[in-house]
file query06.cif (mmCIF, C-alpha atoms)
data_target
loop_
_atom_site.label_atom_id
_atom_site.label_comp_id
_atom_site.auth_asym_id
_atom_site.auth_seq_id
_atom_site.Cartn_x
_atom_site.Cartn_y
_atom_site.Cartn_z
CA MET A 1 -51.98 -29.32 9.23
CA ALA A 2 -49.54 -29.30 12.13
CA SER A 3 -50.67 -29.96 15.68
CA SER A 4 -50.12 -26.30 16.49
CA SER A 5 -53.18 -24.09 16.13
CA THR A 6 -51.04 -21.74 14.07
CA THR A 7 -52.22 -21.31 10.49
CA THR A 8 -49.40 -21.39 7.94
CA ILE A 9 -49.62 -19.51 4.68
CA SER A 10 -46.86 -19.81 2.09
CA LEU A 11 -46.11 -16.58 0.30
CA SER A 12 -43.25 -15.49 -1.95
CA LEU A 13 -42.05 -12.08 -0.81
CA ALA A 14 -39.36 -9.64 -1.84
CA THR A 15 -39.68 -6.61 0.44
CA PHE A 16 -40.67 -5.83 4.00
CA SER A 17 -41.26 -2.64 6.01
CA SER A 18 -43.32 -1.85 9.06
CA THR A 19 -45.11 1.24 10.32
CA THR A 20 -47.24 1.67 13.40
CA ALA A 21 -49.88 4.33 13.94
CA THR A 22 -52.09 5.02 16.95
CA ALA A 23 -55.48 6.71 16.56
CA SER A 24 -56.00 8.89 19.64
CA SER A 25 -59.78 9.01 19.27
CA SER A 26 -60.23 5.27 19.72
CA ALA A 27 -56.92 4.18 21.21
CA THR A 28 -56.78 1.67 18.37
CA GLN A 29 -53.35 0.50 17.30
CA THR A 30 -52.88 -0.37 13.65
CA LYS A 31 -49.77 -2.03 12.34
CA THR A 32 -49.18 -2.00 8.62
CA SER A 33 -46.46 -4.17 7.18
CA SER A 34 -45.35 -4.29 3.58
CA ILE A 35 -42.48 -6.37 2.28
CA CYS A 36 -38.95 -4.98 1.71
CA SER A 37 -35.55 -6.63 1.28
CA PHE A 38 -34.63 -9.78 3.17
CA ARG A 39 -31.03 -10.92 3.41
CA SER A 40 -31.75 -14.54 4.08
CA HIS A 41 -33.32 -16.90 1.58
CA GLU A 42 -36.21 -17.65 3.90
CA ARG A 43 -37.58 -16.24 7.14
CA THR A 44 -40.72 -16.63 9.20
CA LEU A 45 -42.93 -13.71 10.17
CA SER A 46 -45.10 -14.62 13.17
CA SER A 47 -47.98 -12.76 14.74
CA SER A 48 -49.06 -14.05 18.14
CA LEU A 49 -51.98 -11.62 18.13
CA LEU A 50 -53.44 -13.07 14.95
CA GLY A 51 -52.36 -16.64 15.59
CA THR A 52 -50.99 -16.62 12.06
CA ARG A 53 -47.56 -17.60 10.79
CA ILE A 54 -46.42 -16.62 7.32
CA ARG A 55 -43.46 -18.34 5.71
CA VAL A 56 -41.54 -15.74 3.72
CA CYS A 57 -39.44 -16.88 0.75
CA ASN A 58 -36.96 -14.84 -1.24
CA LYS A 59 -38.85 -14.69 -4.52
CA THR A 60 -40.47 -11.87 -6.45
CA ALA A 61 -43.75 -10.88 -4.83
CA ARG A 62 -45.65 -8.11 -3.14
CA THR A 63 -47.61 -8.61 0.04
CA LYS A 64 -49.41 -6.22 2.31
CA VAL A 65 -50.11 -7.39 5.85
CA VAL A 66 -52.48 -5.33 7.96
CA ASP A 67 -53.03 -6.02 11.66
CA LYS A 68 -56.06 -4.26 13.14
CA SER A 69 -56.00 -5.38 16.74
CA SER A 70 -59.25 -3.75 17.80
CA ALA A 71 -61.26 -4.52 14.70
CA SER A 72 -61.38 -7.85 12.90
CA ASN A 73 -57.98 -9.17 13.97
CA GLY A 74 -57.63 -9.95 10.29
CA ILE A 75 -54.71 -10.25 7.94
CA THR A 76 -54.70 -8.61 4.53
CA CYS A 77 -52.68 -10.24 1.78
CA LEU A 78 -52.12 -9.04 -1.76
CA ALA A 79 -49.51 -11.37 -3.19
CA SER A 80 -47.99 -11.77 -6.63
CA SER A 81 -47.77 -15.41 -7.66
CA SER A 82 -46.79 -17.17 -10.86
CA VAL A 83 -49.32 -19.88 -9.98
CA LEU A 84 -53.03 -19.37 -10.57
CA PRO A 85 -55.91 -21.69 -9.66
CA SER A 86 -57.38 -23.81 -12.44
CA ALA A 87 -60.78 -22.94 -11.02
CA LEU A 88 -62.18 -20.53 -8.46
CA LEU A 89 -65.30 -21.98 -6.82
CA PHE A 90 -67.69 -19.85 -4.78
CA ASP A 91 -70.40 -20.83 -2.37
CA CYS A 92 -73.45 -18.62 -2.92
CA ASP A 93 -75.35 -17.68 0.25
CA GLY A 94 -73.08 -15.84 2.65
CA VAL A 95 -70.25 -15.58 0.11
CA LEU A 96 -71.66 -13.83 -2.97
CA VAL A 97 -74.46 -12.22 -0.95
CA ASP A 98 -75.21 -12.28 2.77
CA THR A 99 -78.66 -13.67 2.08
CA GLU A 100 -79.59 -15.77 5.06
CA LYS A 101 -81.02 -13.48 7.75
CA ASP A 102 -82.86 -10.95 5.59
CA GLY A 103 -83.35 -13.08 2.48
CA HIS A 104 -83.92 -16.80 2.88
CA ARG A 105 -85.24 -16.58 6.45
CA ILE A 106 -87.79 -13.92 5.54
CA SER A 107 -88.86 -15.92 2.48
CA PHE A 108 -89.32 -19.09 4.55
CA ASN A 109 -91.43 -17.19 7.10
CA ASP A 110 -93.56 -15.54 4.40
CA THR A 111 -94.20 -18.98 2.92
CA PHE A 112 -95.19 -20.42 6.29
CA ASN A 113 -97.50 -17.45 6.84
CA GLU A 114 -99.17 -17.83 3.43
CA ARG A 115 -99.88 -21.49 4.18
CA GLU A 116 -101.08 -20.62 7.70
CA LEU A 117 -98.76 -23.17 9.28
CA GLY A 118 -98.25 -21.28 12.53
CA VAL A 119 -94.47 -21.46 12.13
CA SER A 120 -91.94 -18.63 12.32
CA TRP A 121 -88.15 -18.88 12.42
CA ASP A 122 -86.48 -16.14 14.43
CA VAL A 123 -82.91 -15.02 13.85
CA ASP A 124 -81.30 -17.28 16.44
CA LEU A 125 -83.30 -20.37 15.50
CA TYR A 126 -82.49 -19.92 11.83
CA GLY A 127 -78.82 -19.67 12.72
CA GLU A 128 -79.04 -23.13 14.29
CA LEU A 129 -80.97 -24.51 11.32
CA LEU A 130 -78.23 -23.35 8.96
CA LYS A 131 -76.09 -26.19 10.28
CA ILE A 132 -78.27 -28.35 8.04
CA GLY A 133 -77.41 -28.03 4.35
CA GLY A 134 -80.33 -27.44 1.99
CA GLY A 135 -83.70 -25.71 2.48
CA LYS A 136 -85.86 -28.81 2.03
CA GLU A 137 -83.64 -30.77 4.40
CA ARG A 138 -83.79 -27.88 6.87
CA MET A 139 -87.60 -27.81 6.94
CA THR A 140 -87.85 -31.59 7.18
CA ALA A 141 -85.43 -31.75 10.12
CA TYR A 142 -87.28 -28.92 11.90
CA PHE A 143 -90.72 -30.53 11.52
CA ASN A 144 -89.37 -33.95 12.50
CA LYS A 145 -88.06 -32.45 15.72
CA THR A 146 -90.87 -30.04 16.66
CA GLY A 147 -93.84 -31.82 15.12
CA TRP A 148 -95.47 -31.47 11.72
CA PRO A 149 -98.12 -28.76 11.18
CA GLU A 150 -101.75 -29.88 11.28
CA LYS A 151 -102.10 -29.01 7.59
CA ALA A 152 -99.21 -31.27 6.63
CA PRO A 153 -100.03 -34.69 5.14
CA LYS A 154 -99.37 -37.87 7.11
CA SER A 155 -97.55 -40.18 4.71
CA GLU A 156 -93.83 -39.86 4.05
CA GLU A 157 -94.23 -39.49 0.28
CA GLU A 158 -96.91 -36.82 0.63
CA ARG A 159 -94.75 -34.97 3.13
CA LYS A 160 -91.88 -34.92 0.65
CA GLU A 161 -94.14 -33.23 -1.89
CA PHE A 162 -95.46 -30.89 0.83
CA ILE A 163 -91.90 -29.81 1.64
CA ALA A 164 -91.07 -29.47 -2.05
CA SER A 165 -94.10 -27.22 -2.61
CA LEU A 166 -93.13 -25.03 0.35
CA HIS A 167 -89.62 -24.75 -1.02
CA ARG A 168 -90.82 -23.82 -4.51
CA ARG A 169 -92.91 -20.98 -3.10
CA LYS A 170 -90.09 -19.86 -0.82
CA THR A 171 -87.77 -19.74 -3.86
CA GLU A 172 -90.26 -17.57 -5.77
CA LEU A 173 -90.41 -15.09 -2.90
CA PHE A 174 -86.63 -15.09 -2.53
CA MET A 175 -86.09 -14.51 -6.25
CA ALA A 176 -88.40 -11.49 -6.08
CA LEU A 177 -86.06 -9.98 -3.47
CA ILE A 178 -83.05 -10.64 -5.68
CA GLU A 179 -84.70 -9.21 -8.80
CA LYS A 180 -85.41 -6.01 -6.89
CA LYS A 181 -81.71 -5.95 -5.91
CA LEU A 182 -82.62 -5.53 -2.26
CA LEU A 183 -79.66 -7.73 -1.26
CA PRO A 184 -76.29 -6.44 -2.57
CA LEU A 185 -73.16 -8.38 -3.48
CA ARG A 186 -70.61 -8.63 -0.70
CA PRO A 187 -67.52 -6.39 -1.03
CA GLY A 188 -64.90 -7.66 -3.47
CA VAL A 189 -66.94 -10.44 -5.08
CA ALA A 190 -67.25 -8.82 -8.51
CA LYS A 191 -63.59 -7.74 -8.40
CA LEU A 192 -62.27 -11.24 -7.68
CA ILE A 193 -64.49 -12.82 -10.33
CA ASP A 194 -63.32 -10.26 -12.89
CA GLN A 195 -59.69 -10.99 -12.02
CA ALA A 196 -60.26 -14.72 -12.46
CA LEU A 197 -62.15 -14.45 -15.75
CA GLY A 198 -59.58 -11.99 -17.05
CA LYS A 199 -56.79 -14.50 -16.41
CA GLY A 200 -58.65 -17.44 -17.91
CA VAL A 201 -59.39 -19.06 -14.54
CA LYS A 202 -62.63 -21.05 -14.59
CA VAL A 203 -65.31 -19.73 -12.22
CA ALA A 204 -68.24 -21.65 -10.76
CA VAL A 205 -70.79 -21.29 -7.98
CA CYS A 206 -71.39 -24.41 -5.87
CA SER A 207 -74.37 -24.19 -3.53
CA THR A 208 -76.90 -26.30 -1.67
CA SER A 209 -79.57 -23.71 -2.51
CA ASN A 210 -82.16 -24.07 -5.24
CA GLU A 211 -80.67 -23.73 -8.73
CA LYS A 212 -83.19 -21.04 -9.74
CA ALA A 213 -82.33 -18.93 -6.69
CA VAL A 214 -78.59 -19.24 -7.31
CA SER A 215 -79.01 -18.44 -11.01
CA ALA A 216 -81.04 -15.35 -10.10
CA ILE A 217 -78.28 -14.09 -7.81
CA VAL A 218 -75.59 -14.67 -10.44
CA SER A 219 -77.65 -13.19 -13.27
CA PHE A 220 -79.20 -10.15 -11.59
CA LEU A 221 -76.33 -9.16 -9.30
CA LEU A 222 -73.29 -10.09 -11.38
CA GLY A 223 -74.84 -9.21 -14.73
CA PRO A 224 -75.22 -11.16 -17.99
CA GLU A 225 -71.65 -10.60 -19.22
CA ARG A 226 -70.22 -12.35 -16.18
CA SER A 227 -73.02 -14.86 -15.61
CA GLU A 228 -72.69 -16.45 -19.04
CA LYS A 229 -69.11 -17.40 -18.14
CA ILE A 230 -69.94 -18.84 -14.71
CA LYS A 231 -70.97 -22.47 -14.28
CA ILE A 232 -73.58 -23.17 -11.59
CA PHE A 233 -73.80 -26.35 -9.52
CA ALA A 234 -76.73 -26.10 -7.14
CA GLY A 235 -79.74 -27.69 -5.48
CA ASP A 236 -80.32 -31.37 -6.09
CA VAL A 237 -77.59 -31.74 -8.72
CA VAL A 238 -75.90 -34.10 -6.23
CA PRO A 239 -77.63 -36.60 -3.90
CA ARG A 240 -75.71 -35.52 -0.78
CA LYS A 241 -75.24 -31.92 0.26
CA LYS A 242 -72.52 -30.13 2.19
CA PRO A 243 -70.57 -31.09 4.30
CA ASP A 244 -70.39 -33.95 1.81
CA PRO A 245 -67.83 -33.03 -0.90
CA ALA A 246 -70.03 -34.26 -3.77
CA ILE A 247 -70.83 -30.84 -5.22
CA TYR A 248 -67.18 -29.77 -5.32
CA THR A 249 -66.09 -33.12 -6.73
CA LEU A 250 -68.73 -32.78 -9.45
CA ALA A 251 -67.61 -29.23 -10.23
CA ALA A 252 -63.98 -30.27 -10.68
CA LYS A 253 -64.95 -33.22 -12.88
CA THR A 254 -67.32 -31.15 -15.04
CA LEU A 255 -64.83 -28.30 -15.43
CA GLY A 256 -62.05 -30.77 -16.25
CA VAL A 257 -59.67 -29.62 -13.52
CA ASP A 258 -57.73 -31.34 -10.75
CA PRO A 259 -59.35 -30.73 -7.34
CA SER A 260 -55.93 -29.90 -5.88
CA SER A 261 -55.64 -26.95 -8.29
CA CYS A 262 -58.96 -25.43 -7.18
CA VAL A 263 -59.51 -22.69 -4.60
CA VAL A 264 -62.89 -22.47 -2.88
CA VAL A 265 -64.38 -19.41 -1.18
CA GLU A 266 -66.77 -20.47 1.58
CA ASP A 267 -68.37 -18.86 4.62
CA SER A 268 -69.44 -21.79 6.80
CA ALA A 269 -67.95 -24.74 8.64
CA ILE A 270 -69.98 -27.24 6.61
CA GLY A 271 -68.85 -25.59 3.37
CA LEU A 272 -65.24 -25.64 4.53
CA ALA A 273 -65.55 -29.33 5.40
CA ALA A 274 -66.95 -30.08 1.94
CA ALA A 275 -64.14 -28.22 0.17
CA LYS A 276 -61.36 -29.84 2.20
CA ALA A 277 -62.90 -33.31 1.79
CA ALA A 278 -62.80 -32.69 -1.97
CA GLY A 279 -59.05 -32.02 -1.72
CA MET A 280 -59.28 -28.29 -2.45
CA LYS A 281 -57.80 -25.17 -0.88
CA CYS A 282 -60.41 -23.13 0.95
CA ILE A 283 -60.58 -19.47 1.96
CA VAL A 284 -63.32 -18.52 4.41
CA THR A 285 -65.00 -15.12 4.28
CA LYS A 286 -67.06 -14.99 7.45
CA SER A 287 -70.72 -13.98 7.19
CA GLY A 288 -73.31 -12.77 9.66
CA TYR A 289 -74.30 -16.22 10.87
CA THR A 290 -70.90 -17.93 10.68
CA ALA A 291 -68.49 -15.50 12.37
CA ASP A 292 -68.07 -17.71 15.46
CA GLU A 293 -67.78 -21.07 13.71
CA ASP A 294 -64.63 -23.20 13.81
CA PHE A 295 -62.45 -22.54 10.76
CA LEU A 296 -59.25 -24.14 12.05
CA ASN A 297 -58.82 -26.20 8.87
CA ALA A 298 -59.21 -23.24 6.50
CA ASP A 299 -56.21 -22.15 4.43
CA ALA A 300 -57.08 -18.52 5.22
CA VAL A 301 -59.89 -16.67 7.00
CA PHE A 302 -61.06 -13.10 6.30
CA ASP A 303 -64.05 -10.94 7.13
CA CYS A 304 -64.70 -10.45 3.41
CA ILE A 305 -62.92 -10.34 0.04
CA GLY A 306 -62.99 -6.56 0.03
CA ASP A 307 -62.66 -3.83 -2.58
CA PRO A 308 -59.73 -1.38 -2.74
CA PRO A 309 -58.62 0.42 -0.65
CA GLU A 310 -59.92 -2.10 1.91
CA GLU A 311 -59.11 -5.17 -0.17
CA CYS A 312 -58.39 -8.26 1.93
CA PHE A 313 -57.10 -10.61 -0.78
CA ASP A 314 -56.91 -11.01 -4.54
CA LEU A 315 -56.51 -13.71 -7.21
CA ALA A 316 -52.73 -13.82 -6.78
CA PHE A 317 -53.19 -14.62 -3.10
CA CYS A 318 -55.48 -17.50 -4.10
CA GLY A 319 -52.71 -18.76 -6.35
CA SER A 320 -50.12 -18.48 -3.59
CA LEU A 321 -52.08 -21.04 -1.56
CA LEU A 322 -51.33 -23.63 -4.25
CA GLU A 323 -47.57 -23.18 -3.91
CA LYS A 324 -45.54 -25.36 -1.57
CA GLN A 325 -46.36 -24.65 2.06
CA TYR A 326 -44.10 -25.09 5.05
CA VAL A 327 -45.67 -26.10 8.34
CA SER A 328 -43.67 -25.80 11.53
#
call {"tool": "encode", "arguments": {"input": "query06.cif", "output": "structure tokens"}}
result
Amino acid sequence: MASSSTTTISLSLATFSSTTATASSSATQTKTSSICSFRSHERTLSSSLLGTRIRVCNKTARTKVVDKSSASNGITCLASSSVLPSALLFDCDGVLVDTEKDGHRISFNDTFNERELGVSWDVDLYGELLKIGGGKERMTAYFNKTGWPEKAPKSEEERKEFIASLHRRKTELFMALIEKKLLPLRPGVAKLIDQALGKGVKVAVCSTSNEKAVSAIVSFLLGPERSEKIKIFAGDVVPRKKPDPAIYTLAAKTLGVDPSSCVVVEDSAIGLAAAKAAGMKCIVTKSGYTADEDFLNADAVFDCIGDPPEECFDLAFCGSLLEKQYVS
């Protein structure tokens, strides 16, 4: 990446037009740009408001760029590309489902309450704890810092089993929430997975969460027809968790694809770091807890994937990230 803070996205475009509308009720200005004819072989479209630079090449494509200055300051790209990823890899929590605040956190607290540990994680504290990958690791780090509950054993080995037992119960409670479908898929997730599977792109979920919890989300919320085609890498399948790239490296090796041909969808800084360290392209879809994290190294950042008519990006856009990029 260049020293400039400008993010560069390489897209092949054929047409460009621009319209501007002002909503009087909110004084919100919305600029909508779609691509029309360019005379030159290559031009650069820059947006100082978004801090985003798009290199435009004279090839067949369609791209829609939406600038909502008062809303998400996001950029919407629907691009045609002859290149497709070999694999599309999703994180689970925060990407497939925004599970953390009202799913995992509640399940942790219910577990602590059942065991009468006198521990409760509020919303802000849990946000800080999410910087630690993995539920067992999260609890261990918390107790090491604040002190272990009186009911916790004293030896290191017994404490490992104590943490494991808490995590098993927490997973049971979390799975009950998923089975009741109390936590919905995020917008656009099913659409993007269907596009990938329909084009023969391999799809996997790579998460630090417990494998049973991830499998429950994939099975109950995406359905059996999709889930049987999706490979899951989760929990303790690797010895080191995100931001270590091990889980993404394992996914690429198992799927038989080159890491450089993979596109990852993440929601957190530690997930982004893991994907980039594995040599993969990474799109960030911000979630409730991660909106203010540093995503400077991401290939693209959106509020969500989105469903039409509010679609933010599609499979072709993922493919466009694999094409040659120009950084100025």
call {"tool": "residues_around", "arguments": {"input": "query06.cif", "residues": "region 299-306 of chain A", "least_positions_apart": "3", "cutoff": "7 Å", "atoms": "only C-alpha atoms", "output": "ChimeraX atom specification"}}
result
/A:74,187-189,281-286,310-313
call {"tool": "closest_residue", "arguments": {"input": "query06.cif", "among": "A:Thr249, A:Thr111, A:Gln195, A:Thr254", "to": "Arg168 (chain A)", "atoms": "all atoms listed in the file"}}
result
A:Thr111
call {"tool": "resolve_selection", "arguments": {"input": "query06.cif", "expression": "the PyMOL selection byres ((chain A and resi 257-259) around 10)", "output": "JSON, numbers by chain"}}
result
{"A": [85, 86, 87, 202, 248, 249, 250, 251, 252, 253, 254, 255, 256, 260, 261, 262, 263, 275, 276, 278, 279, 280, 281]}
call {"tool": "atom_distance", "arguments": {"input": "query06.cif", "atom1": "CA of Leu89 (chain A)", "atom2": "CA of Val264 (chain A)"}}
result
4.6 Å
call {"tool": "closest_residue", "arguments": {"input": "query06.cif", "among": "A:Ala176, A:Phe112, A:Leu321, A:Val95", "to": "Ala216 (chain A)", "atoms": "only C-alpha atoms"}}
result
A:Ala176
call {"tool": "closest_residue", "arguments": {"input": "query06.cif", "among": "A:Arg115, A:Arg105, A:Lys191, A:Lys151", "to": "Arg138 (chain A)", "atoms": "only C-alpha atoms"}}
result
A:Arg105
call {"tool": "closest_residue", "arguments": {"input": "query06.cif", "among": "A:Glu266, A:Glu323, A:Glu157, A:Glu228", "to": "Val97 (chain A)", "atoms": "only C-alpha atoms"}}
result
A:Glu266
call {"tool": "residues_around", "arguments": {"input": "query06.cif", "residues": "Lys170 (chain A)", "least_positions_apart": "2", "cutoff": "8 Å", "atoms": "only C-alpha atoms", "output": "list in words"}}
result
His104, Ser107, Phe108, Asp110, Thr111, Leu166, His167, Arg168, Glu172, Leu173 and Phe174 of chain A
call {"tool": "atom_distance", "arguments": {"input": "query06.cif", "atom1": "CA of Gly94 (chain A)", "atom2": "CA of Asp267 (chain A)"}}
result
5.9 Å
call {"tool": "resolve_selection", "arguments": {"input": "query06.cif", "expression": "the PyMOL selection byres ((chain A and resi 98) around 10)", "output": "list in words"}}
result
Cys92, Asp93, Gly94, Val95, Leu96, Val97, Thr99, Glu100, Lys101, Asp102, Gly103, His104, Leu183, Pro184, Leu185, Arg186, Asp267, Lys286, Ser287, Gly288 and Tyr289 of chain A
call {"tool": "resolve_selection", "arguments": {"input": "query06.cif", "expression": "the PyMOL selection byres ((chain A and resi 294) around 10)", "output": "count of residues only"}}
result
12
call {"tool": "closest_residue", "arguments": {"input": "query06.cif", "among": "A:Gly134, A:Pro153, A:Gly319, A:Gly147", "to": "Arg240 (chain A)", "atoms": "only C-alpha atoms"}}
result
A:Gly134
call {"tool": "decode", "arguments": {"input": "query06.cif", "residues": "region 112-193 of chain A", "atoms": "C-alpha atoms", "output": "PDB file, in the first residue's frame"}}
result
ATOM      1  CA  PHE A 112     -21.351 -16.885  34.841  1.00  0.00           C
ATOM      2  CA  ASN A 113     -24.694 -16.422  36.598  1.00  0.00           C
ATOM      3  CA  GLU A 114     -25.485 -20.159  36.559  1.00  0.00           C
ATOM      4  CA  ARG A 115     -22.114 -20.896  38.156  1.00  0.00           C
ATOM      5  CA  GLU A 116     -22.585 -18.050  40.664  1.00  0.00           C
ATOM      6  CA  LEU A 117     -19.218 -16.534  39.793  1.00  0.00           C
ATOM      7  CA  GLY A 118     -20.207 -12.937  40.513  1.00  0.00           C
ATOM      8  CA  VAL A 119     -19.036 -11.853  37.059  1.00  0.00           C
ATOM      9  CA  SER A 120     -20.922  -9.832  34.450  1.00  0.00           C
ATOM     10  CA  TRP A 121     -19.574  -8.328  31.228  1.00  0.00           C
ATOM     11  CA  ASP A 122     -21.271  -5.094  30.217  1.00  0.00           C
ATOM     12  CA  VAL A 123     -21.409  -3.856  26.637  1.00  0.00           C
ATOM     13  CA  ASP A 124     -18.312  -1.654  26.814  1.00  0.00           C
ATOM     14  CA  LEU A 125     -16.178  -4.193  28.664  1.00  0.00           C
ATOM     15  CA  TYR A 126     -17.082  -6.921  26.199  1.00  0.00           C
ATOM     16  CA  GLY A 127     -16.086  -4.629  23.356  1.00  0.00           C
ATOM     17  CA  GLU A 128     -12.602  -4.402  24.868  1.00  0.00           C
ATOM     18  CA  LEU A 129     -12.444  -8.156  25.435  1.00  0.00           C
ATOM     19  CA  LEU A 130     -13.210  -8.774  21.759  1.00  0.00           C
ATOM     20  CA  LYS A 131      -9.675  -7.644  20.986  1.00  0.00           C
ATOM     21  CA  ILE A 132      -8.709 -11.105  22.241  1.00  0.00           C
ATOM     22  CA  GLY A 133      -9.486 -13.862  19.748  1.00  0.00           C
ATOM     23  CA  GLY A 134     -11.347 -16.889  21.122  1.00  0.00           C
ATOM     24  CA  GLY A 135     -13.833 -17.264  23.986  1.00  0.00           C
ATOM     25  CA  LYS A 136     -11.636 -19.442  26.199  1.00  0.00           C
ATOM     26  CA  GLU A 137      -8.702 -17.105  25.681  1.00  0.00           C
ATOM     27  CA  ARG A 138     -10.973 -14.144  26.443  1.00  0.00           C
ATOM     28  CA  MET A 139     -12.114 -15.568  29.789  1.00  0.00           C
ATOM     29  CA  THR A 140      -8.595 -16.597  30.766  1.00  0.00           C
ATOM     30  CA  ALA A 141      -7.182 -13.141  30.029  1.00  0.00           C
ATOM     31  CA  TYR A 142     -10.011 -11.478  31.966  1.00  0.00           C
ATOM     32  CA  PHE A 143      -9.565 -13.644  35.069  1.00  0.00           C
ATOM     33  CA  ASN A 144      -5.779 -13.300  34.929  1.00  0.00           C
ATOM     34  CA  LYS A 145      -6.182  -9.529  35.000  1.00  0.00           C
ATOM     35  CA  THR A 146      -9.059  -9.090  37.464  1.00  0.00           C
ATOM     36  CA  GLY A 147      -8.552 -12.140  39.657  1.00  0.00           C
ATOM     37  CA  TRP A 148     -10.017 -15.629  39.471  1.00  0.00           C
ATOM     38  CA  PRO A 149     -13.420 -16.321  41.076  1.00  0.00           C
ATOM     39  CA  GLU A 150     -13.397 -18.002  44.477  1.00  0.00           C
ATOM     40  CA  LYS A 151     -15.041 -21.078  42.953  1.00  0.00           C
ATOM     41  CA  ALA A 152     -12.280 -21.457  40.381  1.00  0.00           C
ATOM     42  CA  PRO A 153      -9.598 -24.109  41.007  1.00  0.00           C
ATOM     43  CA  LYS A 154      -6.038 -23.097  41.872  1.00  0.00           C
ATOM     44  CA  SER A 155      -3.818 -25.163  39.586  1.00  0.00           C
ATOM     45  CA  GLU A 156      -3.178 -24.177  35.985  1.00  0.00           C
ATOM     46  CA  GLU A 157      -4.380 -27.492  34.552  1.00  0.00           C
ATOM     47  CA  GLU A 158      -7.591 -27.435  36.590  1.00  0.00           C
ATOM     48  CA  ARG A 159      -8.212 -23.854  35.529  1.00  0.00           C
ATOM     49  CA  LYS A 160      -7.918 -24.863  31.875  1.00  0.00           C
ATOM     50  CA  GLU A 161     -10.653 -27.445  32.406  1.00  0.00           C
ATOM     51  CA  PHE A 162     -12.686 -24.902  34.393  1.00  0.00           C
ATOM     52  CA  ILE A 163     -12.515 -22.465  31.472  1.00  0.00           C
ATOM     53  CA  ALA A 164     -13.325 -25.241  29.001  1.00  0.00           C
ATOM     54  CA  SER A 165     -16.409 -26.236  31.006  1.00  0.00           C
ATOM     55  CA  LEU A 166     -17.610 -22.624  31.131  1.00  0.00           C
ATOM     56  CA  HIS A 167     -17.123 -22.344  27.390  1.00  0.00           C
ATOM     57  CA  ARG A 168     -19.024 -25.566  26.688  1.00  0.00           C
ATOM     58  CA  ARG A 169     -22.013 -24.309  28.661  1.00  0.00           C
ATOM     59  CA  LYS A 170     -21.809 -20.881  27.044  1.00  0.00           C
ATOM     60  CA  THR A 171     -21.843 -22.568  23.619  1.00  0.00           C
ATOM     61  CA  GLU A 172     -24.969 -24.554  24.544  1.00  0.00           C
ATOM     62  CA  LEU A 173     -26.780 -21.372  25.557  1.00  0.00           C
ATOM     63  CA  PHE A 174     -25.620 -19.557  22.427  1.00  0.00           C
ATOM     64  CA  MET A 175     -26.736 -22.401  20.154  1.00  0.00           C
ATOM     65  CA  ALA A 176     -30.195 -22.245  21.730  1.00  0.00           C
ATOM     66  CA  LEU A 177     -30.428 -18.603  20.621  1.00  0.00           C
ATOM     67  CA  ILE A 178     -29.377 -19.539  17.093  1.00  0.00           C
ATOM     68  CA  GLU A 179     -31.800 -22.464  16.862  1.00  0.00           C
ATOM     69  CA  LYS A 180     -34.631 -20.114  17.804  1.00  0.00           C
ATOM     70  CA  LYS A 181     -33.433 -17.793  15.013  1.00  0.00           C
ATOM     71  CA  LEU A 182     -33.370 -14.855  17.396  1.00  0.00           C
ATOM     72  CA  LEU A 183     -30.266 -13.484  15.652  1.00  0.00           C
ATOM     73  CA  PRO A 184     -30.759 -12.904  11.887  1.00  0.00           C
ATOM     74  CA  LEU A 185     -28.221 -13.049   9.070  1.00  0.00           C
ATOM     75  CA  ARG A 186     -26.703  -9.703   8.165  1.00  0.00           C
ATOM     76  CA  PRO A 187     -27.981  -8.097   4.928  1.00  0.00           C
ATOM     77  CA  GLY A 188     -26.510  -9.563   1.749  1.00  0.00           C
ATOM     78  CA  VAL A 189     -24.815 -12.603   3.277  1.00  0.00           C
ATOM     79  CA  ALA A 190     -27.092 -15.219   1.694  1.00  0.00           C
ATOM     80  CA  LYS A 191     -27.030 -13.352  -1.628  1.00  0.00           C
ATOM     81  CA  LEU A 192     -23.228 -13.264  -1.855  1.00  0.00           C
ATOM     82  CA  ILE A 193     -22.900 -16.917  -0.848  1.00  0.00           C
TER      83      ILE A 193
END
